[in-house]
$ cat query-v2.txt   # compact mmCIF, C-alpha atoms
# COMPACT_ATOMS: atom_id res chain seq x y z
CA MET O 18 -60.32 -30.81 169.50
CA SER O 19 -59.60 -28.94 166.29
CA ALA O 20 -61.82 -29.99 163.41
CA THR O 21 -62.50 -28.40 160.05
CA LEU O 22 -65.01 -28.83 157.27
CA ALA O 23 -63.00 -30.61 154.57
CA GLN O 24 -65.60 -31.15 151.83
CA ILE O 25 -69.18 -30.17 150.99
CA TRP O 26 -71.25 -32.33 148.66
CA ARG O 27 -74.80 -32.09 147.36
CA HIS O 28 -76.88 -34.47 145.28
CA PRO O 29 -79.38 -32.34 143.32
CA ILE O 30 -81.30 -35.33 141.92
CA LYS O 31 -81.70 -38.13 144.46
CA SER O 32 -79.49 -41.10 143.45
CA HIS O 33 -78.61 -39.45 140.12
CA GLY O 34 -75.25 -37.81 140.69
CA ARG O 35 -73.21 -35.69 143.07
CA GLU O 36 -71.49 -32.33 143.03
CA ARG O 37 -68.83 -30.80 145.28
CA VAL O 38 -69.32 -27.14 146.21
CA ASP O 39 -67.07 -24.66 148.01
CA GLU O 40 -69.73 -23.12 150.21
CA VAL O 41 -73.46 -23.06 150.93
CA THR O 42 -75.83 -21.08 153.13
CA LEU O 43 -77.90 -23.32 155.37
CA LYS O 44 -81.39 -22.37 156.54
CA SER O 45 -82.96 -23.34 159.84
CA GLY O 46 -85.19 -26.39 159.56
CA GLU O 47 -84.20 -27.16 155.97
CA SER O 48 -81.89 -29.60 154.25
CA MET O 49 -78.86 -28.38 152.32
CA PRO O 50 -79.91 -26.07 149.47
CA PHE O 51 -80.53 -28.09 146.30
CA ASP O 52 -79.53 -31.36 147.98
CA ARG O 53 -81.95 -34.03 146.77
CA ARG O 54 -84.33 -31.29 145.66
CA TRP O 55 -85.47 -33.49 142.77
CA ALA O 56 -86.10 -37.22 142.56
CA VAL O 57 -87.24 -39.70 139.92
CA ALA O 58 -90.58 -41.18 141.01
CA HIS O 59 -91.22 -44.60 139.52
CA GLU O 60 -94.51 -45.81 138.06
CA ASP O 61 -95.69 -47.31 141.40
CA SER O 62 -94.74 -44.26 143.48
CA ALA O 63 -97.20 -42.83 146.03
CA PHE O 64 -95.64 -39.36 145.83
CA GLU O 65 -98.27 -36.60 145.60
CA GLY O 66 -96.30 -33.58 146.77
CA ASP O 67 -95.22 -34.44 150.31
CA TRP O 68 -92.21 -36.37 151.59
CA GLU O 69 -92.33 -40.11 150.95
CA ARG O 70 -89.95 -42.95 151.78
CA CYS O 71 -87.12 -43.66 149.38
CA SER O 72 -88.85 -46.81 148.11
CA ASN O 73 -91.10 -44.51 146.05
CA PHE O 74 -88.18 -43.39 143.88
CA ALA O 75 -85.53 -44.74 141.56
CA ILE O 76 -82.59 -45.11 143.93
CA THR O 77 -79.12 -46.63 143.81
CA THR O 78 -79.90 -49.25 146.46
CA HIS O 79 -81.91 -51.24 143.92
CA ARG O 80 -80.48 -49.67 140.75
CA PRO O 81 -76.68 -49.67 141.15
CA GLN O 82 -76.08 -48.53 137.57
CA LEU O 83 -77.24 -45.06 138.67
CA CYS O 84 -74.13 -44.68 140.85
CA PRO O 85 -71.76 -43.39 138.12
CA PHE O 86 -73.85 -40.24 137.54
CA ASN O 87 -72.19 -36.85 138.04
CA VAL O 88 -73.96 -33.51 137.83
CA GLU O 89 -73.23 -29.81 137.65
CA LEU O 90 -76.04 -27.51 138.75
CA ASP O 91 -76.48 -23.92 137.62
CA GLU O 92 -78.81 -22.65 140.33
CA ALA O 93 -79.86 -19.57 138.36
CA GLY O 94 -81.51 -21.59 135.58
CA PRO O 95 -81.89 -23.97 137.11
CA GLU O 96 -79.96 -26.06 134.63
CA ILE O 97 -78.32 -29.41 135.25
CA ALA O 98 -75.56 -30.97 133.21
CA ALA O 99 -75.74 -34.70 133.93
CA THR O 100 -73.11 -37.16 132.76
CA HIS O 101 -73.02 -40.95 132.86
CA PRO O 102 -70.41 -43.26 131.26
CA GLU O 103 -73.09 -45.26 129.40
CA LEU O 104 -75.38 -42.38 128.45
CA GLY O 105 -73.07 -39.44 127.77
CA GLU O 106 -74.19 -35.95 128.75
CA LEU O 107 -77.57 -34.23 128.94
CA ARG O 108 -78.31 -30.61 129.81
CA PHE O 109 -81.82 -29.81 130.95
CA ASN O 110 -83.98 -27.61 133.16
CA PRO O 111 -85.41 -29.88 135.88
CA ASP O 112 -88.30 -27.48 136.53
CA ASP O 113 -89.41 -27.50 132.89
CA ALA O 114 -91.95 -30.27 132.26
CA GLU O 115 -90.69 -31.16 128.79
CA ASP O 116 -87.06 -31.11 129.86
CA ALA O 117 -87.83 -33.19 132.96
CA ALA O 118 -89.60 -35.81 130.83
CA ARG O 119 -86.61 -35.83 128.46
CA PHE O 120 -84.28 -36.56 131.37
CA VAL O 121 -86.42 -39.45 132.64
CA GLU O 122 -86.60 -40.96 129.16
CA TRP O 123 -82.81 -40.59 128.83
CA THR O 124 -82.27 -42.69 131.97
CA GLN O 125 -84.55 -45.56 130.90
CA PRO O 126 -81.70 -47.81 129.62
CA LEU O 127 -80.36 -47.98 133.21
CA ALA O 128 -83.63 -49.32 134.65
CA PRO O 129 -83.33 -52.99 135.69
CA GLU O 130 -85.89 -55.50 134.52
CA GLY O 131 -88.44 -56.49 137.15
CA LEU O 132 -88.55 -53.10 138.90
CA PRO O 133 -91.05 -50.27 138.38
CA ARG O 134 -90.00 -48.05 135.49
CA PRO O 135 -88.85 -44.45 136.08
CA ALA O 136 -91.89 -42.28 135.43
CA ARG O 137 -91.46 -38.59 136.35
CA LEU O 138 -89.06 -36.08 137.83
CA VAL O 139 -90.55 -34.48 140.95
CA SER O 140 -89.40 -31.67 143.24
CA LEU O 141 -89.51 -30.89 146.96
CA PRO O 142 -87.80 -27.51 147.58
CA GLY O 143 -86.45 -26.79 151.06
CA ARG O 144 -87.45 -30.15 152.51
CA GLY O 145 -85.63 -32.26 149.96
CA PHE O 146 -85.99 -36.02 149.37
CA THR O 147 -83.73 -36.99 152.26
CA ASP O 148 -83.83 -40.59 153.48
CA SER O 149 -84.83 -39.29 156.93
CA ASP O 150 -88.37 -38.28 157.84
CA PHE O 151 -87.09 -34.79 158.68
CA ALA O 152 -85.09 -32.26 156.68
CA SER O 153 -81.57 -33.45 157.38
CA VAL O 154 -77.97 -32.64 156.60
CA THR O 155 -75.51 -35.53 156.96
CA LEU O 156 -72.15 -35.18 158.71
CA PHE O 157 -69.25 -37.58 158.07
CA SER O 158 -65.84 -38.06 159.63
CA MET O 159 -62.76 -38.67 157.50
CA ALA O 160 -61.22 -40.56 160.43
CA SER O 161 -64.17 -42.97 160.52
CA HIS O 162 -63.80 -43.47 156.78
CA ARG O 163 -60.14 -44.32 157.22
CA ALA O 164 -61.07 -46.78 159.99
CA VAL O 165 -63.37 -48.58 157.55
CA GLU O 166 -60.63 -48.61 154.92
CA GLU O 167 -58.26 -50.19 157.43
CA ALA O 168 -60.83 -52.85 158.30
CA LEU O 169 -61.40 -53.55 154.60
CA GLY O 170 -57.68 -53.67 153.88
CA GLN O 171 -58.06 -51.30 150.94
CA GLU O 172 -58.77 -47.70 150.06
CA ILE O 173 -62.26 -46.76 148.91
CA THR O 174 -63.63 -43.44 147.76
CA PRO O 175 -65.73 -41.45 150.25
CA LEU O 176 -68.25 -41.01 147.43
CA ARG O 177 -69.68 -44.42 148.33
CA TRP O 178 -71.32 -42.84 151.40
CA ARG O 179 -73.13 -40.03 149.51
CA GLY O 180 -72.50 -37.49 152.28
CA ASN O 181 -73.01 -33.75 152.67
CA LEU O 182 -70.42 -32.50 155.15
CA TRP O 183 -67.04 -34.22 155.56
CA VAL O 184 -65.09 -33.25 158.68
CA GLU O 185 -61.36 -33.67 159.24
CA GLY O 186 -59.87 -33.67 162.73
CA LEU O 187 -62.27 -35.87 164.73
CA GLU O 188 -61.37 -39.18 166.29
CA ALA O 189 -62.85 -42.20 164.52
CA TRP O 190 -66.54 -42.55 165.42
CA GLU O 191 -66.46 -39.40 167.59
CA GLU O 192 -69.33 -38.00 165.50
CA PHE O 193 -71.67 -40.56 167.09
CA ASP O 194 -71.19 -38.71 170.40
CA TRP O 195 -72.70 -35.63 168.78
CA VAL O 196 -76.16 -37.16 168.51
CA GLY O 197 -78.34 -35.04 170.80
CA ARG O 198 -75.76 -32.23 170.87
CA GLU O 199 -75.49 -28.93 169.05
CA PHE O 200 -72.33 -27.90 167.23
CA HIS O 201 -71.05 -25.06 165.08
CA VAL O 202 -70.12 -25.41 161.42
CA GLY O 203 -68.94 -22.02 160.24
CA GLU O 204 -71.79 -19.56 160.87
CA ALA O 205 -74.42 -22.32 161.24
CA VAL O 206 -75.46 -24.39 164.24
CA LEU O 207 -76.51 -28.01 163.73
CA ARG O 208 -77.82 -30.66 166.09
CA GLY O 209 -77.07 -34.34 165.72
CA VAL O 210 -80.35 -36.28 165.56
CA GLU O 211 -79.51 -39.90 164.73
CA ARG O 212 -76.90 -42.26 163.40
CA THR O 213 -77.26 -43.36 159.78
CA GLN O 214 -77.68 -47.08 159.21
CA ARG O 215 -76.11 -48.02 155.91
CA CYS O 216 -77.60 -50.08 153.09
CA PRO O 217 -76.09 -52.20 150.28
CA MET O 218 -75.73 -49.09 148.10
CA THR O 219 -72.40 -48.37 149.84
CA MET O 220 -71.09 -51.67 148.46
CA THR O 221 -71.34 -50.22 144.96
CA ASN O 222 -68.43 -48.63 143.15
CA PRO O 223 -69.58 -45.09 142.27
CA GLU O 224 -67.49 -45.10 139.10
CA THR O 225 -68.58 -48.45 137.65
CA GLY O 226 -71.91 -49.30 139.29
CA GLU O 227 -70.55 -52.72 140.31
CA ARG O 228 -70.93 -54.05 143.86
CA ASP O 229 -67.37 -54.87 144.79
CA VAL O 230 -66.68 -54.02 148.48
CA PRO O 231 -68.46 -55.53 151.55
CA THR O 232 -68.92 -52.24 153.42
CA VAL O 233 -72.03 -53.22 155.40
CA LYS O 234 -70.67 -56.63 156.43
CA THR O 235 -67.38 -55.02 157.46
CA LEU O 236 -69.10 -52.40 159.60
CA ALA O 237 -71.00 -55.16 161.41
CA SER O 238 -68.08 -57.56 161.87
CA HIS O 239 -65.42 -55.03 162.86
CA PHE O 240 -67.39 -52.34 164.67
CA GLY O 241 -70.56 -54.05 165.90
CA HIS O 242 -72.99 -51.85 163.99
CA LYS O 243 -74.02 -50.92 160.45
CA ASP O 244 -73.88 -47.16 160.98
CA PHE O 245 -71.83 -44.53 159.22
CA SER O 246 -72.35 -40.75 159.61
CA ILE O 247 -75.03 -38.87 161.54
CA ARG O 248 -78.13 -37.07 160.36
CA CYS O 249 -78.42 -33.52 161.65
CA GLU O 250 -80.97 -30.75 161.68
CA VAL O 251 -80.09 -27.10 161.09
CA VAL O 252 -80.86 -25.18 164.30
CA LYS O 253 -79.44 -21.86 163.14
CA GLY O 254 -78.77 -21.01 159.52
CA GLY O 255 -75.66 -19.41 158.15
CA ARG O 256 -72.87 -19.64 155.62
CA ILE O 257 -70.55 -22.61 155.72
CA ALA O 258 -67.47 -23.10 153.56
CA GLU O 259 -64.71 -25.63 153.15
CA GLY O 260 -62.08 -24.95 155.79
CA ALA O 261 -64.60 -23.67 158.34
CA GLU O 262 -64.18 -24.60 162.00
CA VAL O 263 -66.37 -27.41 163.36
CA ARG O 264 -66.82 -27.48 167.15
CA PRO O 265 -69.37 -28.45 169.80
$ encode --input "query-v2.txt" --output "structure tokens"
Amino acid sequence: MSATLAQIWRHPIKSHGRERVDEVTLKSGESMPFDRRWAVAHEDSAFEGDWERCSNFAITTHRPQLCPFNVELDEAGPEIAATHPELGELRFNPDDAEDAARFVEWTQPLAPEGLPRPARLVSLPGRGFTDSDFASVTLFSMASHRAVEEALGQEITPLRWRGNLWVEGLEAWEEFDWVGREFHVGEAVLRGVERTQRCPMTMTNPETGERDVPTVKTLASHFGHKDFSIRCEVVKGGRIAEGAEVRP
């Protein structure tokens, strides 16, 4: 097997945009640096400083109009440049209280009626607001993505899956065999922990916010499960970059 790391993506604000990066340095026991470091807690959120389930935050599963967000993060600031086709662009420091409140207010027009309103931007450095109850990094296979496209009968963007590490060179669904195994990605060592069951968010077009492709139904009917990607933990930290070797 010859596999390489094709793409690296992070999502600095949970469900509010994505950003492709050339390289990152992973740390043992942590999620990807700046991936889901911030999240928008809604007015009914139980968040008080520790990890909470995704239902405590404004997320794309229930708020599909968040999907078209894109972000650029300047780590030194930190400063985020967020763009959305309906809202335009906003630059702000997510760790500054006034700036954070300005960002939340800016997103209010995207909040659906009948759901708790976005209330505050919160942070969880290192741990991150991953959907898993442990600090995870997600690994995706381009071959598995192409298998889903074939089942759908159309091409779809990989951005629907909101992944971290995209690997080229595996057989379709081979990544599932890596659950419980350690593998190298560049200088880092990861261990597959669990498969990722997908939700209706993946049905949403990340450019328009419209639900237009039956991804979950297709996974179930063609492959007998609703899983796509695996969640991993970082066993040994190190630098990873696009083009790096990926091997058990």
$ closest_residue --input "query-v2.txt" --among "O:Arg264, O:Arg212, O:Arg248, O:Arg108" --to "Val184 of chain O" --atoms "only C-alpha atoms"
O:Arg264
$ residues_around --input "query-v2.txt" --residues "Phe120 of chain O" --least-positions-apart "6" --cutoff "9 Å" --atoms "all atoms listed in the file" --output "MDAnalysis selection string"
chainID O and resid 107:109 111 137:138
$ atom_distance --input "query-v2.txt" --atom1 "atom CA of Glu204 of chain O" --atom2 "atom CA of Pro265 of chain O"
12.8 Å
$ atom_distance --input "query-v2.txt" --atom1 "atom CA of Lys31 of chain O" --atom2 "atom CA of Thr235 of chain O"
25.7 Å
$ atom_distance --input "query-v2.txt" --atom1 "atom CA of Gly260 of chain O" --atom2 "atom CA of His162 of chain O"
18.6 Å
$ residues_near_point --input "query-v2.txt" --point "(-89.7, -40.1, 150.1)" --cutoff "12 Å" --atoms "all atoms listed in the file" --output "PyMOL selection string"
chain O and resi 31+53-59+62-76+139-141+144-152
$ closest_residue --input "query-v2.txt" --among "O:Ala99, O:Leu83, O:Ile247, O:Val202" --to "Met218 of chain O" --atoms "all atoms listed in the file"
O:Leu83
$ closest_residue --input "query-v2.txt" --among "O:Thr42, O:His33, O:Trp195, O:Leu176" --to "Thr124 of chain O" --atoms "only C-alpha atoms"
O:His33
$ closest_residue --input "query-v2.txt" --among "O:Ala117, O:Ala20, O:Ala168, O:Leu90" --to "Asp52 of chain O" --atoms "all atoms listed in the file"
O:Leu90
$ closest_residue --input "query-v2.txt" --among "O:Leu156, O:Ala93, O:Val196, O:Cys84" --to "Asn181 of chain O" --atoms "only C-alpha atoms"
O:Leu156
$ closest_residue --input "query-v2.txt" --among "O:Gly226, O:Gly94, O:Gly255, O:Pro217" --to "Gly203 of chain O" --atoms "all atoms listed in the file"
O:Gly255
$ residues_around --input "query-v2.txt" --residues "Arg208 of chain O" --least-positions-apart "5" --cutoff "6 Å" --atoms "all atoms listed in the file" --output "number ranges by chain"
O: 198-199, 249-250
$ residues_around --input "query-v2.txt" --residues "Pro231 of chain O" --least-positions-apart "4" --cutoff "10 Å" --atoms "only C-alpha atoms" --output "PyMOL selection string"
chain O and resi 169+217+219-221+235-236
$ build_atoms --input "query-v2.txt" --residues "segment 140-161 of chain O" --atoms "N, CA and C atoms" --output "mmCIF file, in the frame of the given file"
data_model
loop_
_atom_site.group_PDB
_atom_site.id
_atom_site.type_symbol
_atom_site.label_atom_id
_atom_site.label_comp_id
_atom_site.auth_asym_id
_atom_site.auth_seq_id
_atom_site.Cartn_x
_atom_site.Cartn_y
_atom_site.Cartn_z
ATOM 1 N N SER O 140 -90.206 -32.634 142.489
ATOM 2 C CA SER O 140 -89.400 -31.670 143.240
ATOM 3 C C SER O 140 -89.978 -31.464 144.633
ATOM 4 N N LEU O 141 -89.093 -31.187 145.594
ATOM 5 C CA LEU O 141 -89.510 -30.890 146.960
ATOM 6 C C LEU O 141 -88.555 -29.841 147.538
ATOM 7 N N PRO O 142 -88.720 -28.566 147.144
ATOM 8 C CA PRO O 142 -87.800 -27.510 147.580
ATOM 9 C C PRO O 142 -87.773 -27.356 149.096
ATOM 10 N N GLY O 143 -86.592 -27.030 149.628
ATOM 11 C CA GLY O 143 -86.450 -26.790 151.060
ATOM 12 C C GLY O 143 -86.362 -28.072 151.852
ATOM 13 N N ARG O 144 -87.392 -28.883 151.774
ATOM 14 C CA ARG O 144 -87.450 -30.150 152.510
ATOM 15 C C ARG O 144 -86.482 -31.173 151.932
ATOM 16 N N GLY O 145 -86.512 -31.308 150.616
ATOM 17 C CA GLY O 145 -85.630 -32.260 149.960
ATOM 18 C C GLY O 145 -86.064 -33.706 150.182
ATOM 19 N N PHE O 146 -85.665 -34.594 149.275
ATOM 20 C CA PHE O 146 -85.990 -36.020 149.370
ATOM 21 C C PHE O 146 -84.911 -36.761 150.163
ATOM 22 N N THR O 147 -84.678 -36.303 151.395
ATOM 23 C CA THR O 147 -83.730 -36.990 152.260
ATOM 24 C C THR O 147 -84.278 -38.356 152.651
ATOM 25 N N ASP O 148 -83.378 -39.269 153.039
ATOM 26 C CA ASP O 148 -83.830 -40.590 153.480
ATOM 27 C C ASP O 148 -84.484 -40.528 154.854
ATOM 28 N N SER O 149 -84.229 -39.464 155.606
ATOM 29 C CA SER O 149 -84.830 -39.290 156.930
ATOM 30 C C SER O 149 -86.204 -38.671 156.805
ATOM 31 N N ASP O 150 -87.031 -38.861 157.857
ATOM 32 C CA ASP O 150 -88.370 -38.280 157.840
ATOM 33 C C ASP O 150 -88.381 -36.845 158.346
ATOM 34 N N PHE O 151 -87.204 -36.218 158.381
ATOM 35 C CA PHE O 151 -87.090 -34.790 158.680
ATOM 36 C C PHE O 151 -86.050 -34.205 157.726
ATOM 37 N N ALA O 152 -86.052 -32.905 157.574
ATOM 38 C CA ALA O 152 -85.090 -32.260 156.680
ATOM 39 C C ALA O 152 -83.710 -32.337 157.298
ATOM 40 N N SER O 153 -82.849 -33.160 156.735
ATOM 41 C CA SER O 153 -81.570 -33.450 157.380
ATOM 42 C C SER O 153 -80.384 -33.050 156.511
ATOM 43 N N VAL O 154 -79.274 -32.832 157.212
ATOM 44 C CA VAL O 154 -77.970 -32.640 156.600
ATOM 45 C C VAL O 154 -77.064 -33.705 157.225
ATOM 46 N N THR O 155 -76.320 -34.442 156.415
ATOM 47 C CA THR O 155 -75.510 -35.530 156.960
ATOM 48 C C THR O 155 -74.082 -35.071 157.207
ATOM 49 N N LEU O 156 -73.517 -35.532 158.334
ATOM 50 C CA LEU O 156 -72.150 -35.180 158.710
ATOM 51 C C LEU O 156 -71.317 -36.454 158.804
ATOM 52 N N PHE O 157 -70.138 -36.431 158.189
ATOM 53 C CA PHE O 157 -69.250 -37.580 158.070
ATOM 54 C C PHE O 157 -67.873 -37.241 158.591
ATOM 55 N N SER O 158 -67.186 -38.231 159.119
ATOM 56 C CA SER O 158 -65.840 -38.060 159.630
ATOM 57 C C SER O 158 -64.841 -38.770 158.723
ATOM 58 N N MET O 159 -63.807 -38.054 158.301
ATOM 59 C CA MET O 159 -62.760 -38.670 157.500
ATOM 60 C C MET O 159 -62.032 -39.749 158.286
ATOM 61 N N ALA O 160 -61.894 -39.553 159.611
ATOM 62 C CA ALA O 160 -61.220 -40.560 160.430
ATOM 63 C C ALA O 160 -62.015 -41.859 160.467
ATOM 64 N N SER O 161 -63.335 -41.762 160.543
ATOM 65 C CA SER O 161 -64.170 -42.970 160.520
ATOM 66 C C SER O 161 -64.056 -43.670 159.173
#
